[in-house]
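Chemist: Below is a structure I'd like to ask you about.
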Amino acid sequence: MTSKGNKVVEQKDVVVKFVGDSGDGMQLTGTLFSDAAAYAGNDLATFPDYPAEIRAPQNTVAGVSGFQVHFGDKKIHSSGDLCDVLVAMNPASLKANLKWAKKGATIIVDADNFDTKAFEKAGYETNPLEDGSLKGYNLIEAPITTLTKEAIKGMKVDMKTALKSKNMFALGIMFYIFDRKFDTAFHFIENKFRKKPLVVEVNKRVLQAGYNYADTMQESISVIQVPPAKIEKGRYRNLTGNVATAWGFLAAAERADRPLFLGSYPITPASEILQELAKYKSLGARVLQAEDEIAGITSTIGASYGGSLGITTTSGPGLSLKSEAIGLAVMTELPLVIVDVQRGGPSTGLPTKSEQSDLMQACYGRNGEAPVIVIAASSSANCFDYAFEASRLSLEHMTPVILLTDGYLANGSQLFKIPNMADMPKIKPPFAKPNDENYKPYQRDEETLVREWAIPGMEGLRHRLGGLEKWDITGNVSTDPENHQRMVELREEKVQKVAKDIPEQDIMGEKEGDLLVVSWGGSKGAVLNAVEELQNEGKSVSQAHFHYMHPLPENTEKVLSGFKRIIVPELNLGQFVQILRMKFPHFKYEQYNKVQGLPFTVSELKSKFNEILEEV
Amino acid sequence: MDNTIPKSVQPLTKKDFESDQMVKWCPGCGDHAILKSVEKVFPELGYKKENYVVVSGIGCSSRFPYYMNTYGIHGIHGRAAPIATGVKLANPDLSVWVITGDGDSMAIGGNHFIHTVRRNVDLNILLFNNQIYGLTKGQYSPTTPLGKITKTSPQGTIEHPFNPGELVIGSRGTFFARAVDMNPKLLTSILFEAARHDGTSVVEILQNCVIYNDKTHQLITSKETKHDNQLVVEHGKPMIFGKNNEKGLYLNSQNKIEIVKIGENGINEEDLMVHDMHDPDPTVHLKLANLAPPEFPAVLGVIRSSKSATYDDMLEEQIETAREESDIKTMDDLLNSGDTWEM
């Protein structure tokens, strides 16, 4: 399609960011653009960045909504630091995002929106398009609003609908620049506005108009070609972390042959998991939108007792509310998965921003000695795998499992290779045998210390569970001092033994060297990029990325022992590093901590790692 | 929808439900009598013994599941209703009973209580109301009468109490009955009605705490005073009470309930209020639930039992419909639905 006569440049990977007012449809635009990249064979990762308010005051920095996509011809691990192309629909979004644009980046603005009132409202003293502050960037001032109106002249649409389609004009320009085909976008638009044929027509026409406009700007616009990525062959789709989490649970329910029950209360940024699972009653998912977080988890404990794969989803403050009930699940030794999509805290904190600050709460935030399994996903796509894994561990080890994701993983999307369900492992809960005369609720498997699961309705296995301490084996109520000590130790040991049922910790890079970077959760991609770049520069640096936080993999100490220095970058004030210090005090750990509600950038990580490497 | 709980092939007896655990309530506690009534009702309901689940929260009454040989969960404070909701939704073929007290269900579990009633999940909630916190040794509860002196209200409470019946009706409840621990015959008959009702059945049992609130229901329950202070309603029957059945309830022209003497001032039995527990309009049920001594008799029996769709039935129906109509019948279908492509 490059008969256009433009300058054509080839790039291995590109970061594009769409920003505008929260009502400007930037999320939709970004999603359409990402889908087109995926169809064209690029690997990608996305990162939506939106305000907590649904519609903050128009044209203010507070109301800026953004969507970033990083795509390329290689494996893409993160949504990228700085963007190559910034599409800014108004002055406020430009003001808030210019710092995220690379030097010399292409900046496309809706020039119609840069009137005095608007740029003053955004906090500019002079018009940034005229005062020279954008010198050094490739600025494209497109009169998007005017041309959008013109494109749909004669169509019977109100002004509101017309203006809402401005984002399609911007998308049209981007389609031209990246030489994309319309089919995916058209297909998506037709799907989204199924019931509004006129809106479909408007959007298509505006998209086309944007494309044609770019075609007339051959002087200032270069076409950027990003070759397809060499990724594993197979069938792919795009998934956000929250949808991947929901699907991982559905997959686990199918492989465990257990009905799925979800009891949850809506909370940002976890609500999409609840919404997603509510769609699949055809797969037997029973979803209760509870009256509060506590009813969410306790109804789930009831359903687990009743034989379901019981799941409850929440974010930080909700995990606090659920902590007493998690203790009940620890005591009753029932399977239960709790998802915490972490956000900035404490208290209500930064609901729409990401953080990794609930690790301590997940590991230790309960009364009494209350061990649970804690695992963490590390990419939007592998939320599927870790939701499946959380379910497997919970059902097979009869214990609560906390699955940590975060707002960044939850809302971001990635290419997801569609598995064949028959290839996924069977999950085998330790069911008791009906009419087993020897059944005792707290009789344990000698190897794993897991008790058997007897479900109401099963003949000959009636028993009572509860939050009071249990007599070993019989499960009757007991306040006996020695029994309590034994039971506390048994519950701890049972969870520790899970370490035998999880993979060994791997190392990306050499097993010995100058610097080991220890990461966990959603920061995997940024750390991996930084470490890979340093490795390519010949530096002696490796990465150990942890998915299993409690218990830790059995070889953890060995992994840590091969390096002169260890650094643990975290989006908190140092939680995993404290756990490592407590468990392996003979190593020295350095920290790199960021709590801005934003993911790490590759460049800041690299410069920190370089600092240490220079000292080695 | 008729319930689908499987029936026992063998006839069951009280023995089938007695647990081997020592019952540790205080001697003279009203809970003992309630336990006996439940043990009597379960075998007669005829469900398979494996299909009963007894769920409780925290408090004296909540030790109940340990004393029944059924499946059971002794939960955490206030949360019996949502735990039971999960049990029932996971398997509608279970007969699920919630044992709770006035602290457990009206204070810490108040939110769950109203929402469970509103959803009309098919549960049987037995609310043991002794108007005091017993297990924590004598603090006032949300049903303690205004002015009552307790450990935490040395000058008398300054809180207006809840009336559980009013709360049930205010939460759009479909079943409310009131019983007393000292009348097992009435309690047993109410428990049958509660079990047969499709939806959330709330049975308030006026129960005596011998240690911390002895005789709190005395006017209603003692031999000497009960005839003038309790009225047992029966569906389709006029509302009559008094030692010699000489008094009745009458709805006057201001739509207010008054006590009348039969045969006086031209009032005959046919002029009295007749109980219609199935009336979808809860107005009269609310009035009855709120009557209280010393001005009026407390109303016992099934005050309200009206039909309305249950959450569990509607959920099962939605699942069935979705299974018939959706193209997504397996996980493979879902994974391959929508936009996918080969790479």
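Within each chain, counting starts at residue 1; across the structure tokens, chains are named A, B, ... in the order shown, with ligands numbered 1 upward in that order.
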With a distance cut-off of 8 Å and only C-alpha atoms, select the neighbouring residues of A:Arg451, excluding the residue or stretch itself and same-chain residues fewer than 2 positions from it, and output the selection as a list of chain:residue names.

Modeler: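 Non-adjacent residues within range: A:Glu333, A:Met398, A:Pro430, A:Pro441, A:Tyr442, A:Gln443, A:Arg444, A:Asp445, A:Leu449, A:Trp453.
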
Chemist: Could you give me, as a PyMOL selection string, the residues within 12 Å of stretch 263-267 of chain B, counting only C-alpha atoms and dropping anything in the same chain fewer than 5 positions from it?

Modeler: chain B and resi 245-252+272-273

Chemist: Taking only residues of chain A that have an atom at most 7 Å from an atom of chain B, what is each one's shortest atom pair and its distance in Å to one decimal, using only C-alpha atoms, in chain and number order, as JSON lines?

Modeler:
{"residue": "A:Gly41", "atom": "CA", "partner": "B:Met343", "partner_atom": "CA", "distance": 6.5}
{"residue": "A:Lys233", "atom": "CA", "partner": "B:Met343", "partner_atom": "CA", "distance": 5.4}
{"residue": "A:Gly234", "atom": "CA", "partner": "B:Met343", "partner_atom": "CA", "distance": 5.6}
{"residue": "A:Arg235", "atom": "CA", "partner": "B:Glu342", "partner_atom": "CA", "distance": 4.4}
{"residue": "A:Tyr236", "atom": "CA", "partner": "B:Trp341", "partner_atom": "CA", "distance": 5.3}
{"residue": "A:Arg237", "atom": "CA", "partner": "B:Thr340", "partner_atom": "CA", "distance": 4.7}
{"residue": "A:Ala251", "atom": "CA", "partner": "B:Met331", "partner_atom": "CA", "distance": 6.1}
{"residue": "A:Lys281", "atom": "CA", "partner": "B:Ile319", "partner_atom": "CA", "distance": 5.0}
{"residue": "A:Ser282", "atom": "CA", "partner": "B:Arg323", "partner_atom": "CA", "distance": 4.2}
{"residue": "A:Leu283", "atom": "CA", "partner": "B:Lys329", "partner_atom": "CA", "distance": 5.9}
{"residue": "A:Gly284", "atom": "CA", "partner": "B:Ile319", "partner_atom": "CA", "distance": 6.4}
{"residue": "A:Glu291", "atom": "CA", "partner": "B:His115", "partner_atom": "CA", "distance": 6.8}
{"residue": "A:Ala295", "atom": "CA", "partner": "B:Pro82", "partner_atom": "CA", "distance": 5.4}
{"residue": "A:Thr298", "atom": "CA", "partner": "B:Ile83", "partner_atom": "CA", "distance": 5.0}
{"residue": "A:Ser299", "atom": "CA", "partner": "B:Gly86", "partner_atom": "CA", "distance": 4.1}
{"residue": "A:Thr300", "atom": "CA", "partner": "B:Gly86", "partner_atom": "CA", "distance": 5.7}
{"residue": "A:Ile301", "atom": "CA", "partner": "B:Ile83", "partner_atom": "CA", "distance": 6.4}
{"residue": "A:Gly302", "atom": "CA", "partner": "B:Ile83", "partner_atom": "CA", "distance": 4.3}
{"residue": "A:Ala303", "atom": "CA", "partner": "B:Gly86", "partner_atom": "CA", "distance": 4.3}
{"residue": "A:Tyr305", "atom": "CA", "partner": "B:Val87", "partner_atom": "CA", "distance": 6.7}
{"residue": "A:Gly306", "atom": "CA", "partner": "B:Val87", "partner_atom": "CA", "distance": 5.0}
{"residue": "A:Gly307", "atom": "CA", "partner": "B:Ala90", "partner_atom": "CA", "distance": 6.9}
{"residue": "A:Ser308", "atom": "CA", "partner": "B:Ala90", "partner_atom": "CA", "distance": 6.3}
{"residue": "A:Ile418", "atom": "CA", "partner": "B:Leu335", "partner_atom": "CA", "distance": 6.3}
{"residue": "A:Asn420", "atom": "CA", "partner": "B:Asp332", "partner_atom": "CA", "distance": 6.8}
{"residue": "A:Met421", "atom": "CA", "partner": "B:Asp332", "partner_atom": "CA", "distance": 6.1}
{"residue": "A:Pro456", "atom": "CA", "partner": "B:Tyr71", "partner_atom": "CA", "distance": 6.0}
{"residue": "A:Gly457", "atom": "CA", "partner": "B:Glu50", "partner_atom": "CA", "distance": 4.8}
{"residue": "A:Met458", "atom": "CA", "partner": "B:Glu50", "partner_atom": "CA", "distance": 6.3}
{"residue": "A:Glu459", "atom": "CA", "partner": "B:Glu50", "partner_atom": "CA", "distance": 5.8}
{"residue": "A:Arg462", "atom": "CA", "partner": "B:Tyr71", "partner_atom": "CA", "distance": 4.8}
{"residue": "A:His463", "atom": "CA", "partner": "B:Tyr71", "partner_atom": "CA", "distance": 5.0}
{"residue": "A:Arg464", "atom": "CA", "partner": "B:Gly72", "partner_atom": "CA", "distance": 4.5}
{"residue": "A:Leu465", "atom": "CA", "partner": "B:Ile73", "partner_atom": "CA", "distance": 4.9}
{"residue": "A:Gly466", "atom": "CA", "partner": "B:His74", "partner_atom": "CA", "distance": 4.2}
{"residue": "A:Gly467", "atom": "CA", "partner": "B:Gly75", "partner_atom": "CA", "distance": 6.0}

Chemist: Among the residues of stretch 9-226 of chain B, find those DSSP assigns to strand (DSSP E) from the backbone and print them as number ranges by chain.

Modeler: B: 52-56, 71-74, 95-101, 124-129, 175-180, 201-206

Chemist: Which value, in Å to one decimal, gives the distance between atom CA of A:Ser133 and atom CA of A:Thr60?

Modeler: 19.6 Å

Chemist: To one decimal in Å, tell me the separation between atom CA of B:Lys185 and atom CA of B:Cys209.

Modeler: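 Result for atom CA of B:Lys185 versus atom CA of B:Cys209: 20.4 Å, one decimal.
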
Chemist: To one decimal place, how far is atom CA of A:Ala422 from atom CA of A:Ala252 in Å?

Modeler: 11.9 Å

Chemist: Compile the contact shell of B:Ala289 as a list in words: residues with an atom at most 7 Å away, counting only C-alpha atoms, same-chain residues fewer than 3 positions apart removed.

Modeler: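 Contacts, in chain order: Gly165, Glu166, His285, Leu286 and Val299 of chain B.
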
Chemist: Quick one: of A:Ala270, A:Met174, A:Ala246, A:Leu605, who's nearest to A:Ala530, counting only C-alpha atoms?

Modeler: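 Using only C-alpha atoms, the shortest distance to A:Ala530 belongs to A:Leu605.
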
Chemist: Excluding A:Ala111 and its own-chain neighbours fewer than 2 positions away, which residues fall within 12 Å of it when counting only C-alpha atoms? Please give them as a ChimeraX atom specification.

Modeler: /A:87-91,94,107-109,113-116,118-119,127-130,139-147,170

Chemist: Could you dump the residues just selected with N, CA and C atoms as a JSON list (two decimals), in the first residue's frame?

Modeler:
[["chain", "number", "residue", "atom", "x", "y", "z"],
["A", 87, "VAL", "N", -0.82, 11.01, 20.01],
["A", 87, "VAL", "CA", -2.01, 11.63, 19.45],
["A", 87, "VAL", "C", -2.72, 12.34, 20.59],
["A", 88, "ALA", "N", -2.78, 13.69, 20.54],
["A", 88, "ALA", "CA", -3.37, 14.45, 21.64],
["A", 88, "ALA", "C", -4.58, 15.22, 21.13],
["A", 89, "MET", "N", -5.74, 14.93, 21.69],
["A", 89, "MET", "CA", -6.98, 15.50, 21.18],
["A", 89, "MET", "C", -7.25, 16.90, 21.73],
["A", 90, "ASN", "N", -6.58, 17.28, 22.83],
["A", 90, "ASN", "CA", -6.81, 18.64, 23.37],
["A", 90, "ASN", "C", -5.55, 19.11, 24.11],
["A", 91, "PRO", "N", -5.49, 20.40, 24.48],
["A", 91, "PRO", "CA", -4.28, 20.93, 25.14],
["A", 91, "PRO", "C", -3.96, 20.23, 26.46],
["A", 94, "LEU", "N", -2.16, 17.03, 25.93],
["A", 94, "LEU", "CA", -0.79, 17.27, 25.46],
["A", 94, "LEU", "C", 0.08, 17.66, 26.65],
["A", 107, "ILE", "N", 3.90, 14.17, 16.83],
["A", 107, "ILE", "CA", 2.76, 14.55, 17.67],
["A", 107, "ILE", "C", 1.62, 15.03, 16.79],
["A", 108, "ILE", "N", 0.52, 14.34, 16.91],
["A", 108, "ILE", "CA", -0.65, 14.71, 16.12],
["A", 108, "ILE", "C", -1.66, 15.35, 17.06],
["A", 109, "VAL", "N", -2.06, 16.58, 16.76],
["A", 109, "VAL", "CA", -3.04, 17.24, 17.64],
["A", 109, "VAL", "C", -4.27, 17.65, 16.84],
["A", 113, "ASN", "N", -8.90, 22.38, 18.70],
["A", 113, "ASN", "CA", -9.14, 22.46, 20.15],
["A", 113, "ASN", "C", -8.15, 23.36, 20.87],
["A", 114, "PHE", "N", -7.24, 23.97, 20.15],
["A", 114, "PHE", "CA", -6.23, 24.80, 20.81],
["A", 114, "PHE", "C", -6.59, 26.28, 20.77],
["A", 115, "ASP", "N", -7.82, 26.58, 21.24],
["A", 115, "ASP", "CA", -8.17, 27.99, 21.37],
["A", 115, "ASP", "C", -7.70, 28.49, 22.74],
["A", 116, "THR", "N", -7.75, 29.81, 22.92],
["A", 116, "THR", "CA", -7.19, 30.40, 24.15],
["A", 116, "THR", "C", -7.81, 29.79, 25.40],
["A", 118, "ALA", "N", -9.18, 26.92, 25.89],
["A", 118, "ALA", "CA", -8.79, 25.54, 26.15],
["A", 118, "ALA", "C", -7.35, 25.44, 26.63],
["A", 119, "PHE", "N", -6.42, 26.17, 25.98],
["A", 119, "PHE", "CA", -5.03, 25.99, 26.44],
["A", 119, "PHE", "C", -4.80, 26.65, 27.80],
["A", 127, "ASN", "N", -0.13, 29.57, 23.60],
["A", 127, "ASN", "CA", -0.52, 28.42, 22.79],
["A", 127, "ASN", "C", 0.72, 27.58, 22.43],
["A", 128, "PRO", "N", 0.76, 26.34, 22.91],
["A", 128, "PRO", "CA", 1.95, 25.51, 22.67],
["A", 128, "PRO", "C", 2.20, 25.23, 21.19],
["A", 129, "LEU", "N", 1.18, 25.36, 20.37],
["A", 129, "LEU", "CA", 1.37, 25.11, 18.94],
["A", 129, "LEU", "C", 2.11, 26.27, 18.29],
["A", 130, "GLU", "N", 2.07, 27.44, 18.99],
["A", 130, "GLU", "CA", 2.64, 28.64, 18.37],
["A", 130, "GLU", "C", 3.88, 29.18, 19.08],
["A", 139, "LEU", "N", 5.49, 17.88, 14.45],
["A", 139, "LEU", "CA", 4.12, 18.26, 14.83],
["A", 139, "LEU", "C", 3.18, 18.24, 13.64],
["A", 140, "ILE", "N", 2.08, 17.52, 13.78],
["A", 140, "ILE", "CA", 1.06, 17.54, 12.73],
["A", 140, "ILE", "C", -0.20, 18.18, 13.31],
["A", 141, "GLU", "N", -0.48, 19.40, 12.84],
["A", 141, "GLU", "CA", -1.67, 20.10, 13.34],
["A", 141, "GLU", "C", -2.82, 19.82, 12.41],
["A", 142, "ALA", "N", -3.67, 18.89, 12.80],
["A", 142, "ALA", "CA", -4.78, 18.52, 11.94],
["A", 142, "ALA", "C", -6.06, 19.15, 12.48],
["A", 143, "PRO", "N", -6.82, 19.83, 11.62],
["A", 143, "PRO", "CA", -8.10, 20.40, 12.10],
["A", 143, "PRO", "C", -9.14, 19.28, 12.20],
["A", 144, "ILE", "N", -8.99, 18.43, 13.19],
["A", 144, "ILE", "CA", -9.77, 17.20, 13.25],
["A", 144, "ILE", "C", -11.26, 17.46, 13.42],
["A", 145, "THR", "N", -11.60, 18.38, 14.31],
["A", 145, "THR", "CA", -13.04, 18.64, 14.55],
["A", 145, "THR", "C", -13.72, 19.14, 13.27],
["A", 146, "THR", "N", -13.10, 20.13, 12.62],
["A", 146, "THR", "CA", -13.68, 20.68, 11.39],
["A", 146, "THR", "C", -13.84, 19.60, 10.32],
["A", 147, "LEU", "N", -12.77, 18.84, 10.12],
["A", 147, "LEU", "CA", -12.81, 17.85, 9.04],
["A", 147, "LEU", "C", -13.78, 16.71, 9.35],
["A", 170, "ALA", "N", -8.70, 10.58, 14.00],
["A", 170, "ALA", "CA", -7.32, 10.39, 14.47],
["A", 170, "ALA", "C", -6.85, 8.98, 14.15]]

Chemist: Skip B:Asn120 itself and residues of its chain fewer than 3 positions away, then list as a list in words all residues within 9 Å of it, counting only C-alpha atoms.

Modeler: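 Result of the neighbour search: His115, Thr116, Val117, Leu123, Arg172, Gly173, Thr174, Asp198, Gly199, Thr200, Ser201, Ser308, Ala309, Thr310, Tyr311 and Asp312 of chain B.
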